[in-house]
Amino acid sequence: MKKSLVGWASIALACAAGPAHAGEFEFTGYVEPELQLFLQKASKPEQPRANMSVAGEVSAKYFWDDGDQSFVATPFMRLDMHDNKRTHVDLRAFKYAYIDGAWEFRAGVDKVFWGVTEAAHLVDIINQTDVVEDARGREKLGQPLVSLSTYQQWGTVDLYVLPWFRERLFPGANGRPATDIPVDTSQTKFESGQKQHHVDFAARYSNTFDIWDVGLGYFRGTGRNPILIPGLTSGGSPVLIPYYVQIDQLSTDIQATKGAWLYKFEGLWRKELNDRYLQGTGGIEYTLYGIFDTPSDLGIVAEYIWDERGANPQNPFANDIFAGVRWTANDIADTSLLTGAVVDMDTQATFFSAEFEKRLGQNYRLSVEARLFAGQPASDPYYTLKDDDFLQIRLARYF
Amino acid sequence: MPFVSSALRQSAHAFVIVLPLMGLAATAHAQADGLPGTDQPVARGLAIAQETDSRDKGWGDAEADMEMVLTNAHGDTSTRELRSYSLERTDPEEGDWSLIVFNKPRDVDGTALLTHAKILEPDDQWLYLPAVKRVKRISSVNKSGPFVGSEFAFEDFSSSEVGKYSYKWLRDEPCGDLTCHVVERKPLYEHSGYTRQVVWTDTTDYQPRKIDYYDRKDALLKTLTFSDYRLYEDKFWRAHDLYMVNHNNKKATRLTWKNYKFHEGLTEADFSTAALKRAR
């Protein structure tokens, strides 16, 4: 009797322990309050001088089958005090992945990055930009996709089917920074009659040849970057209406890593409407290690951005130079400072930015960012942002 | 720069070829330990390094968890946790491959570093930034820079391939309960922060027990002590406690390894930039 009790108890224990051994669960995330201070009075009275908001992201990951199968869900949310368009929820990831040796299959919502340069990300195309999170386009919305990848001696190939299109989010009437004429997403237009249901296709080949990292990309489907067409609301006030066209795009991204020097290039050929054009960006990054006899590094970045069409409402970077300096302390707090400026060679319009980051204790991270626009002539696509200089302070608590 | 390193590599080859011959010539003076005699300090030093290397051949692939505790001069501490994967490369022209994934601090959770090590040329290295899902090829010439703010430099972590140094045996002396060969080695690769290192290798298992690091001005900068050695698969010794003290700034870093696993069936595909994106 005693024996069988021990037997049953051990079976029960084994069962309870069973799932824990079968898979691994991870739960991480952060909550991040934000304060934005705008240096000028806004062009509209409803736009604030100071704004507060809070963002949060959690990531639940489950791995099983010795890590060969996994499920990841990463919802993101921001609550904004003034701008109801900036208050938004997005699934950054919601994906199942299966790995079989050199093959990987993924289905769900995910983020994918293509490219090598720092200032402009020309060839990055899979995900829509989350403009309300970051006007500079570094934050992305989750993209529904099915993908198959293989890693072989001759390189890596990724194939993507993208069954649903994500529209770009724009700031609302109370939002800053924003264009003076608001974007009306209720009137969004598509070239394709299938609208958001248009199934897009993308492919990428990448490989490393000694110091060279080379990528080739192809995309066919709904362009992520809308043409903004002047229009009117039903009440007759002027608005900008996003128009999404079908594009065909071939792209390449190349980096050579030679000692402390990085040489980078991104280029693309795109067909849209009746137009065919080229865009390119490239430059150098050089790092001085251990400056002034300290453990800190100083990195210098210089890049040129070009668009065959010249400056246009879709792309303000047609003949622009970016120069930046990145200082990394290499200390316990991972302190860093990145400053840079983009100068339009045609109009001398300049956009400055500075970002400072530091970990506080084990679980907090402080980021301070300043952005200034200067010398925009009325013809510059960024003219309407020139009264939106701001300072942004974020403090994230990670768990 | 490339011709400099290829010249270095050629001279290193010459070095490796010539020394065994010198060793043969010195067999008359060979010691009971089977190494070249104490009157052949260069050959003896190299032979000790080769013995350490050969005793570790065949580990194949490995996984382990590491905790890193950084302590400043005031005794304040900060902790990092990471998971490490490595793949043995048998080609003598190549160093081993490694992938490390950070778990803590939480703000760098998922950040991963992939290294395809070389012998004398700079390693191939890629960094994965999980927030933007971006893989960046990075410069690896920063050998002397601190690894995540710790007292370990990148080069202290890199796989210790025999061909990376020139050697000179100094003496044999007691080290704790063991006897150690004390060997001076000088980095042959570029961008090292050290003029030389002095390594205490025990005469029983040929494992490093202590390393003194001398900076570019040849002053003693750091001391690394290895302890808690455990044997895996009856062949592979691994220290589970590595303690680095910086004598200049009085800071210290303790690495603690756990959950070592060997021959888990990792392949080249697990050390690709594609694998870097899904690392955890």
# chains A, B, ... in the order shown; residues from 1 in each chain; ligands from 1

call {"tool": "residues_around", "arguments": {"residues": "stretch 189-194 of chain A", "least_positions_apart": "2", "cutoff": "7 Å", "atoms": "only C-alpha atoms", "output": "list in words"}}
result
Gln187, Gln196, His197, His198, Pro242, Tyr243, Tyr244, Val245 and Gln246 of chain A

call {"tool": "write_last_selection", "arguments": {"atoms": "all heavy atoms", "output": "short mmCIF file (atom, residue, chain, number, x, y, z; two decimals), in the first residue's frame"}}
result
data_model
loop_
_atom_site.label_atom_id
_atom_site.label_comp_id
_atom_site.auth_asym_id
_atom_site.auth_seq_id
_atom_site.Cartn_x
_atom_site.Cartn_y
_atom_site.Cartn_z
N GLN A 187 -9.97 58.21 -45.49
CA GLN A 187 -10.19 58.29 -46.95
C GLN A 187 -9.10 57.54 -47.74
O GLN A 187 -8.97 57.76 -48.96
CB GLN A 187 -10.20 59.75 -47.39
CG GLN A 187 -11.33 60.57 -46.79
CD GLN A 187 -11.44 61.92 -47.47
OE1 GLN A 187 -11.70 61.99 -48.67
NE2 GLN A 187 -11.21 62.98 -46.71
N GLN A 196 -6.36 46.16 -48.77
CA GLN A 196 -5.45 45.52 -47.81
C GLN A 196 -5.29 44.03 -48.04
O GLN A 196 -4.37 43.42 -47.51
CB GLN A 196 -5.94 45.70 -46.36
CG GLN A 196 -5.90 47.10 -45.84
CD GLN A 196 -7.29 47.69 -45.83
OE1 GLN A 196 -8.06 47.49 -46.78
NE2 GLN A 196 -7.61 48.41 -44.78
N HIS A 197 -6.21 43.43 -48.79
CA HIS A 197 -6.16 41.98 -48.99
C HIS A 197 -5.15 41.57 -50.07
O HIS A 197 -4.98 40.38 -50.31
CB HIS A 197 -7.54 41.44 -49.38
CG HIS A 197 -8.55 41.63 -48.29
ND1 HIS A 197 -8.64 40.78 -47.21
CD2 HIS A 197 -9.49 42.59 -48.11
CE1 HIS A 197 -9.60 41.21 -46.42
NE2 HIS A 197 -10.14 42.31 -46.93
N HIS A 198 -4.56 42.55 -50.76
CA HIS A 198 -3.60 42.20 -51.80
C HIS A 198 -2.47 41.36 -51.20
O HIS A 198 -1.87 41.75 -50.19
CB HIS A 198 -3.03 43.46 -52.45
CG HIS A 198 -2.18 43.15 -53.64
ND1 HIS A 198 -0.85 42.81 -53.53
CD2 HIS A 198 -2.48 43.07 -54.95
CE1 HIS A 198 -0.37 42.57 -54.74
NE2 HIS A 198 -1.34 42.72 -55.62
N PRO A 242 -3.77 59.35 -47.87
CA PRO A 242 -2.76 58.36 -48.27
C PRO A 242 -3.23 57.53 -49.46
O PRO A 242 -4.39 57.09 -49.50
CB PRO A 242 -2.62 57.46 -47.03
CG PRO A 242 -3.32 58.16 -45.92
CD PRO A 242 -4.36 59.04 -46.55
N TYR A 243 -2.34 57.37 -50.42
CA TYR A 243 -2.65 56.55 -51.61
C TYR A 243 -1.54 55.49 -51.73
O TYR A 243 -0.37 55.83 -51.89
CB TYR A 243 -2.70 57.46 -52.85
CG TYR A 243 -2.96 56.72 -54.15
CD1 TYR A 243 -3.97 55.76 -54.26
CD2 TYR A 243 -2.17 56.99 -55.28
CE1 TYR A 243 -4.20 55.09 -55.46
CE2 TYR A 243 -2.40 56.34 -56.48
CZ TYR A 243 -3.42 55.39 -56.56
OH TYR A 243 -3.64 54.73 -57.74
N TYR A 244 -1.93 54.22 -51.63
CA TYR A 244 -0.95 53.12 -51.67
C TYR A 244 -0.97 52.49 -53.05
O TYR A 244 -2.01 52.01 -53.52
CB TYR A 244 -1.28 52.07 -50.61
CG TYR A 244 -1.11 52.58 -49.21
CD1 TYR A 244 -2.20 53.04 -48.47
CD2 TYR A 244 0.15 52.62 -48.62
CE1 TYR A 244 -2.04 53.52 -47.18
CE2 TYR A 244 0.31 53.10 -47.32
CZ TYR A 244 -0.79 53.54 -46.61
OH TYR A 244 -0.62 54.02 -45.33
N VAL A 245 0.19 52.50 -53.71
CA VAL A 245 0.29 51.97 -55.07
C VAL A 245 1.01 50.63 -55.07
O VAL A 245 1.68 50.25 -54.11
CB VAL A 245 1.02 52.96 -56.00
CG1 VAL A 245 0.25 54.27 -56.07
CG2 VAL A 245 2.46 53.19 -55.56
N GLN A 246 0.85 49.91 -56.17
CA GLN A 246 1.54 48.64 -56.35
C GLN A 246 2.96 48.90 -56.84
O GLN A 246 3.17 49.72 -57.73
CB GLN A 246 0.78 47.78 -57.38
CG GLN A 246 -0.58 47.31 -56.89
CD GLN A 246 -0.45 46.41 -55.69
OE1 GLN A 246 0.22 45.39 -55.73
NE2 GLN A 246 -1.08 46.80 -54.58
#

call {"tool": "interface_residues", "arguments": {"of": "chain B", "to": "chain A", "cutoff": "9 Å", "atoms": "only C-alpha atoms", "output": "ChimeraX atom specification"}}
result
/B:1,70,78-79,104-107,109,122,124,131-142,144-150,267-270,272-275

call {"tool": "write_last_selection", "arguments": {"atoms": "C-alpha atoms", "output": "PDB file, in the first residue's frame"}}
result
ATOM      1  CA  MET B   1      47.207  45.755 -42.776  1.00  0.00           C
ATOM      2  CA  LEU B  70      30.771  42.982 -11.918  1.00  0.00           C
ATOM      3  CA  SER B  78      25.887  44.431 -11.267  1.00  0.00           C
ATOM      4  CA  THR B  79      24.884  41.120 -12.823  1.00  0.00           C
ATOM      5  CA  LYS B 104      20.129  39.926 -18.196  1.00  0.00           C
ATOM      6  CA  PRO B 105      20.144  42.868 -17.672  1.00  0.00           C
ATOM      7  CA  ARG B 106      16.609  42.779 -19.027  1.00  0.00           C
ATOM      8  CA  ASP B 107      17.040  45.761 -21.345  1.00  0.00           C
ATOM      9  CA  ASP B 109      17.548  40.502 -23.262  1.00  0.00           C
ATOM     10  CA  PRO B 122      40.363  39.821 -37.051  1.00  0.00           C
ATOM     11  CA  ASP B 124      34.165  37.716 -38.245  1.00  0.00           C
ATOM     12  CA  ALA B 131      14.259  45.448 -30.685  1.00  0.00           C
ATOM     13  CA  VAL B 132      14.770  46.247 -34.368  1.00  0.00           C
ATOM     14  CA  LYS B 133      15.406  42.624 -35.466  1.00  0.00           C
ATOM     15  CA  ARG B 134      18.630  43.777 -37.034  1.00  0.00           C
ATOM     16  CA  VAL B 135      21.804  41.763 -37.646  1.00  0.00           C
ATOM     17  CA  LYS B 136      24.872  44.009 -37.910  1.00  0.00           C
ATOM     18  CA  ARG B 137      28.299  42.890 -39.009  1.00  0.00           C
ATOM     19  CA  ILE B 138      30.628  44.653 -36.580  1.00  0.00           C
ATOM     20  CA  SER B 139      34.315  45.446 -36.508  1.00  0.00           C
ATOM     21  CA  SER B 140      36.252  42.997 -34.368  1.00  0.00           C
ATOM     22  CA  VAL B 141      39.501  44.940 -34.064  1.00  0.00           C
ATOM     23  CA  ASN B 142      38.354  46.132 -30.649  1.00  0.00           C
ATOM     24  CA  SER B 144      41.265  45.241 -25.927  1.00  0.00           C
ATOM     25  CA  GLY B 145      37.868  46.847 -25.280  1.00  0.00           C
ATOM     26  CA  PRO B 146      35.814  45.772 -22.255  1.00  0.00           C
ATOM     27  CA  PHE B 147      33.229  43.048 -22.780  1.00  0.00           C
ATOM     28  CA  VAL B 148      29.826  44.421 -21.610  1.00  0.00           C
ATOM     29  CA  GLY B 149      31.440  46.794 -19.120  1.00  0.00           C
ATOM     30  CA  SER B 150      33.326  43.998 -17.353  1.00  0.00           C
ATOM     31  CA  THR B 267      25.977  22.345 -36.639  1.00  0.00           C
ATOM     32  CA  GLU B 268      27.261  25.237 -38.780  1.00  0.00           C
ATOM     33  CA  ALA B 269      23.620  26.211 -39.399  1.00  0.00           C
ATOM     34  CA  ASP B 270      23.294  26.997 -35.670  1.00  0.00           C
ATOM     35  CA  SER B 272      24.792  31.398 -39.050  1.00  0.00           C
ATOM     36  CA  THR B 273      23.449  34.951 -39.150  1.00  0.00           C
ATOM     37  CA  ALA B 274      20.032  33.339 -39.726  1.00  0.00           C
ATOM     38  CA  ALA B 275      20.357  31.430 -36.434  1.00  0.00           C
TER      39      ALA B 275
END

call {"tool": "atom_distance", "arguments": {"atom1": "atom CA of A:Ser53", "atom2": "atom CA of A:Pro75"}}
result
17.1 Å

call {"tool": "residues_around", "arguments": {"residues": "B:Asp202", "least_positions_apart": "3", "cutoff": "8 Å", "atoms": "only C-alpha atoms", "output": "PyMOL selection string"}}
result
chain B and resi 175+178-181+205-209

call {"tool": "residues_around", "arguments": {"residues": "A:Ile321", "least_positions_apart": "5", "cutoff": "6 Å", "atoms": "only C-alpha atoms", "output": "PyMOL selection string"}}
result
chain A and resi 303-304+342-343

call {"tool": "write_last_selection", "arguments": {"atoms": "N, CA and C atoms", "output": "mmCIF file, in the first residue's frame"}}
result
data_model
loop_
_atom_site.group_PDB
_atom_site.id
_atom_site.type_symbol
_atom_site.label_atom_id
_atom_site.label_comp_id
_atom_site.auth_asym_id
_atom_site.auth_seq_id
_atom_site.Cartn_x
_atom_site.Cartn_y
_atom_site.Cartn_z
ATOM 1 N N GLU A 303 27.089 59.374 -44.346
ATOM 2 C CA GLU A 303 26.332 58.701 -45.402
ATOM 3 C C GLU A 303 25.696 59.713 -46.351
ATOM 4 N N TYR A 304 25.529 59.305 -47.593
ATOM 5 C CA TYR A 304 24.875 60.133 -48.599
ATOM 6 C C TYR A 304 23.600 59.422 -49.039
ATOM 7 N N VAL A 342 21.215 65.617 -40.584
ATOM 8 C CA VAL A 342 20.978 65.383 -42.007
ATOM 9 C C VAL A 342 20.867 66.750 -42.668
ATOM 10 N N VAL A 343 21.660 66.979 -43.701
ATOM 11 C CA VAL A 343 21.615 68.265 -44.406
ATOM 12 C C VAL A 343 21.161 68.022 -45.839
#

call {"tool": "residues_around", "arguments": {"residues": "B:Asn103", "least_positions_apart": "3", "cutoff": "8 Å", "atoms": "only C-alpha atoms", "output": "tab-separated table (two decimals) with N, CA, C and O atoms, in the first residue's frame"}}
result
chain	number	residue	atom	x	y	z
B	80	ARG	N	25.10	40.16	-15.03
B	80	ARG	CA	24.70	39.81	-16.39
B	80	ARG	C	24.52	38.30	-16.45
B	80	ARG	O	25.25	37.57	-15.79
B	81	GLU	N	23.57	37.87	-17.28
B	81	GLU	CA	23.39	36.44	-17.51
B	81	GLU	C	23.35	36.20	-18.99
B	81	GLU	O	22.71	36.95	-19.73
B	82	LEU	N	24.01	35.16	-19.44
B	82	LEU	CA	23.99	34.85	-20.86
B	82	LEU	C	24.09	33.35	-21.08
B	82	LEU	O	24.49	32.60	-20.19
B	83	ARG	N	23.69	32.95	-22.28
B	83	ARG	CA	23.80	31.56	-22.68
B	83	ARG	C	24.83	31.49	-23.79
B	83	ARG	O	24.86	32.35	-24.66
B	106	ARG	N	17.79	42.99	-18.21
B	106	ARG	CA	16.61	42.78	-19.03
B	106	ARG	C	16.56	43.67	-20.26
B	106	ARG	O	15.98	43.29	-21.27
B	108	VAL	N	18.77	44.32	-22.28
B	108	VAL	CA	19.54	43.76	-23.40
B	108	VAL	C	19.14	42.31	-23.67
B	108	VAL	O	19.83	41.60	-24.40
B	109	ASP	N	18.02	41.88	-23.08
B	109	ASP	CA	17.55	40.50	-23.26
B	109	ASP	C	17.42	40.18	-24.76
B	109	ASP	O	16.80	40.94	-25.50
B	110	GLY	N	17.99	39.10	-25.18
B	110	GLY	CA	17.90	38.68	-26.58
B	110	GLY	C	19.01	39.21	-27.47
B	110	GLY	O	19.17	38.75	-28.60
B	111	THR	N	19.78	40.17	-26.97
B	111	THR	CA	20.94	40.65	-27.75
B	111	THR	C	21.94	39.51	-27.90
B	111	THR	O	22.20	38.80	-26.93
B	280	ARG	N	18.32	32.47	-28.44
B	280	ARG	CA	17.71	32.80	-27.14
B	280	ARG	C	18.57	32.19	-26.03
B	280	ARG	O	19.41	31.35	-26.28

call {"tool": "select_by_dssp", "arguments": {"residues": "stretch 18-231 of chain B", "states": "helix (DSSP H, G or I)", "output": "MDAnalysis selection string"}}
result
chainID B and resid 18:29 41:55 106:108 154:157 162:164

call {"tool": "write_last_selection", "arguments": {"atoms": "N, CA and C atoms", "output": "CSV table (one decimal), in the first residue's frame"}}
result
chain,number,residue,atom,x,y,z
B,18,VAL,N,59.6,24.9,-37.4
B,18,VAL,CA,61.0,24.9,-36.9
B,18,VAL,C,61.1,24.3,-35.5
B,19,LEU,N,60.1,24.7,-34.7
B,19,LEU,CA,60.2,24.4,-33.3
B,19,LEU,C,60.2,22.9,-33.0
B,20,PRO,N,59.4,22.1,-33.6
B,20,PRO,CA,59.4,20.7,-33.3
B,20,PRO,C,60.8,20.1,-33.6
B,21,LEU,N,61.5,20.6,-34.7
B,21,LEU,CA,62.8,20.1,-35.0
B,21,LEU,C,63.8,20.5,-33.9
B,22,MET,N,63.6,21.7,-33.4
B,22,MET,CA,64.5,22.1,-32.2
B,22,MET,C,64.2,21.1,-31.1
B,23,GLY,N,62.9,20.8,-31.0
B,23,GLY,CA,62.5,19.9,-29.9
B,23,GLY,C,63.2,18.6,-30.1
B,24,LEU,N,63.3,18.1,-31.3
B,24,LEU,CA,63.9,16.8,-31.6
B,24,LEU,C,65.4,16.9,-31.2
B,25,ALA,N,66.0,18.0,-31.6
B,25,ALA,CA,67.4,18.2,-31.3
B,25,ALA,C,67.7,18.1,-29.8
B,26,ALA,N,66.6,18.6,-29.1
B,26,ALA,CA,66.8,18.7,-27.6
B,26,ALA,C,66.4,17.5,-26.9
B,27,THR,N,66.0,16.4,-27.6
B,27,THR,CA,65.5,15.2,-26.9
B,27,THR,C,66.5,14.7,-25.9
B,28,ALA,N,67.8,14.9,-26.2
B,28,ALA,CA,68.8,14.4,-25.2
B,28,ALA,C,68.6,15.0,-23.9
B,29,HIS,N,68.0,16.3,-23.9
B,29,HIS,CA,67.8,17.0,-22.6
B,29,HIS,C,66.4,16.8,-22.1
B,41,PRO,N,63.6,26.9,-23.6
B,41,PRO,CA,62.4,27.5,-23.1
B,41,PRO,C,61.3,27.8,-24.1
B,42,VAL,N,61.7,28.2,-25.3
B,42,VAL,CA,60.7,28.5,-26.4
B,42,VAL,C,60.0,27.3,-26.8
B,43,ALA,N,60.7,26.2,-27.1
B,43,ALA,CA,60.1,24.9,-27.5
B,43,ALA,C,59.3,24.4,-26.4
B,44,ARG,N,59.8,24.5,-25.2
B,44,ARG,CA,59.1,23.9,-24.0
B,44,ARG,C,57.8,24.7,-23.8
B,45,GLY,N,57.8,26.0,-23.9
B,45,GLY,CA,56.6,26.8,-23.8
B,45,GLY,C,55.5,26.4,-24.8
B,46,LEU,N,56.0,26.3,-26.1
B,46,LEU,CA,55.0,25.9,-27.1
B,46,LEU,C,54.5,24.5,-26.9
B,47,ALA,N,55.3,23.6,-26.5
B,47,ALA,CA,54.9,22.2,-26.3
B,47,ALA,C,53.8,22.2,-25.2
B,48,ILE,N,53.9,23.0,-24.2
B,48,ILE,CA,52.9,23.0,-23.1
B,48,ILE,C,51.6,23.5,-23.6
B,49,ALA,N,51.7,24.6,-24.4
B,49,ALA,CA,50.4,25.1,-25.0
B,49,ALA,C,49.8,24.1,-26.0
B,50,GLN,N,50.6,23.4,-26.7
B,50,GLN,CA,50.1,22.3,-27.6
B,50,GLN,C,49.5,21.2,-26.9
B,51,GLU,N,50.1,20.8,-25.7
B,51,GLU,CA,49.5,19.8,-24.9
B,51,GLU,C,48.2,20.2,-24.3
B,52,THR,N,48.0,21.4,-23.9
B,52,THR,CA,46.7,21.9,-23.4
B,52,THR,C,45.7,21.8,-24.5
B,53,ASP,N,46.1,22.2,-25.7
B,53,ASP,CA,45.2,22.2,-26.9
B,53,ASP,C,44.8,20.8,-27.2
B,54,SER,N,45.8,19.9,-27.3
B,54,SER,CA,45.5,18.5,-27.8
B,54,SER,C,44.6,17.8,-26.7
B,55,ARG,N,44.8,18.1,-25.5
B,55,ARG,CA,43.9,17.4,-24.4
B,55,ARG,C,42.5,17.8,-24.6
B,106,ARG,N,17.8,43.0,-18.2
B,106,ARG,CA,16.6,42.8,-19.0
B,106,ARG,C,16.6,43.7,-20.3
B,107,ASP,N,17.1,44.9,-20.2
B,107,ASP,CA,17.0,45.8,-21.3
B,107,ASP,C,17.9,45.3,-22.5
B,108,VAL,N,18.8,44.3,-22.3
B,108,VAL,CA,19.5,43.8,-23.4
B,108,VAL,C,19.1,42.3,-23.7
B,154,PHE,N,37.5,41.7,-24.8
B,154,PHE,CA,37.0,40.8,-25.9
B,154,PHE,C,38.1,39.7,-26.1
B,155,GLU,N,39.4,40.1,-26.1
B,155,GLU,CA,40.4,39.1,-26.4
B,155,GLU,C,40.6,38.0,-25.3
B,156,ASP,N,40.1,38.4,-24.0
B,156,ASP,CA,40.2,37.4,-23.0
B,156,ASP,C,39.2,36.3,-23.1
B,157,PHE,N,38.2,36.6,-23.9
B,157,PHE,CA,37.1,35.6,-24.2
B,157,PHE,C,37.4,34.7,-25.4
B,162,VAL,N,46.5,27.9,-30.3
B,162,VAL,CA,47.9,27.9,-30.1
B,162,VAL,C,48.6,29.0,-30.9
B,163,GLY,N,48.2,29.1,-32.2
B,163,GLY,CA,48.9,30.0,-33.1
B,163,GLY,C,48.7,31.5,-32.8
B,164,LYS,N,48.0,31.9,-31.8
B,164,LYS,CA,47.8,33.3,-31.5
B,164,LYS,C,48.9,33.9,-30.8

call {"tool": "atom_distance", "arguments": {"atom1": "atom CA of B:Gly95", "atom2": "atom CA of B:Glu184"}}
result
21.4 Å

call {"tool": "closest_residue", "arguments": {"among": "A:Thr233, A:Thr339, A:Gln36, A:Asn225", "to": "A:Gly137", "atoms": "only C-alpha atoms"}}
result
A:Asn225

call {"tool": "atom_distance", "arguments": {"atom1": "atom CA of A:Phe201", "atom2": "atom CA of A:Leu159"}}
result
7.8 Å

call {"tool": "residues_around", "arguments": {"residues": "B:Asp212", "least_positions_apart": "3", "cutoff": "12 Å", "atoms": "only C-alpha atoms", "output": "NGL selection string"}}
result
:B and (156 or 182-186 or 194-200 or 208-209 or 215 or 218-226 or 243-247)

call {"tool": "closest_residue", "arguments": {"among": "B:Gly37, B:Phe152, B:Glu94, B:Lys118", "to": "B:Ala252", "atoms": "only C-alpha atoms"}}
result
B:Phe152

call {"tool": "select_by_dssp", "arguments": {"residues": "stretch 226-344 of chain A", "states": "strand (DSSP E or B)", "output": "ChimeraX atom specification"}}
result
/A:227-232,238-244,246-258,261-272,275-288,297-307,312,315,319-328,336-344

call {"tool": "residues_around", "arguments": {"residues": "B:Glu190", "least_positions_apart": "3", "cutoff": "9 Å", "atoms": "only C-alpha atoms", "output": "short mmCIF file (atom, residue, chain, number, x, y, z; two decimals) with N, CA and C atoms, in the first residue's frame"}}
result
data_model
loop_
_atom_site.label_atom_id
_atom_site.label_comp_id
_atom_site.auth_asym_id
_atom_site.auth_seq_id
_atom_site.Cartn_x
_atom_site.Cartn_y
_atom_site.Cartn_z
N SER B 5 49.39 41.09 -41.53
CA SER B 5 48.92 39.91 -40.81
C SER B 5 49.29 38.63 -41.55
N LEU B 120 45.01 34.72 -36.60
CA LEU B 120 45.72 35.99 -36.48
C LEU B 120 44.96 37.16 -37.08
N GLU B 121 44.11 36.90 -38.05
CA GLU B 121 43.31 37.97 -38.64
C GLU B 121 42.15 38.30 -37.71
N PRO B 122 41.53 39.50 -37.89
CA PRO B 122 40.36 39.82 -37.05
C PRO B 122 39.24 38.80 -37.26
N VAL B 141 38.13 44.56 -34.42
CA VAL B 141 39.50 44.94 -34.06
C VAL B 141 39.57 45.45 -32.63
N LYS B 143 39.83 44.40 -29.80
CA LYS B 143 40.17 43.26 -28.96
C LYS B 143 40.38 43.65 -27.50
N PRO B 187 51.07 38.02 -27.58
CA PRO B 187 50.10 37.97 -28.67
C PRO B 187 50.78 38.26 -30.02
#
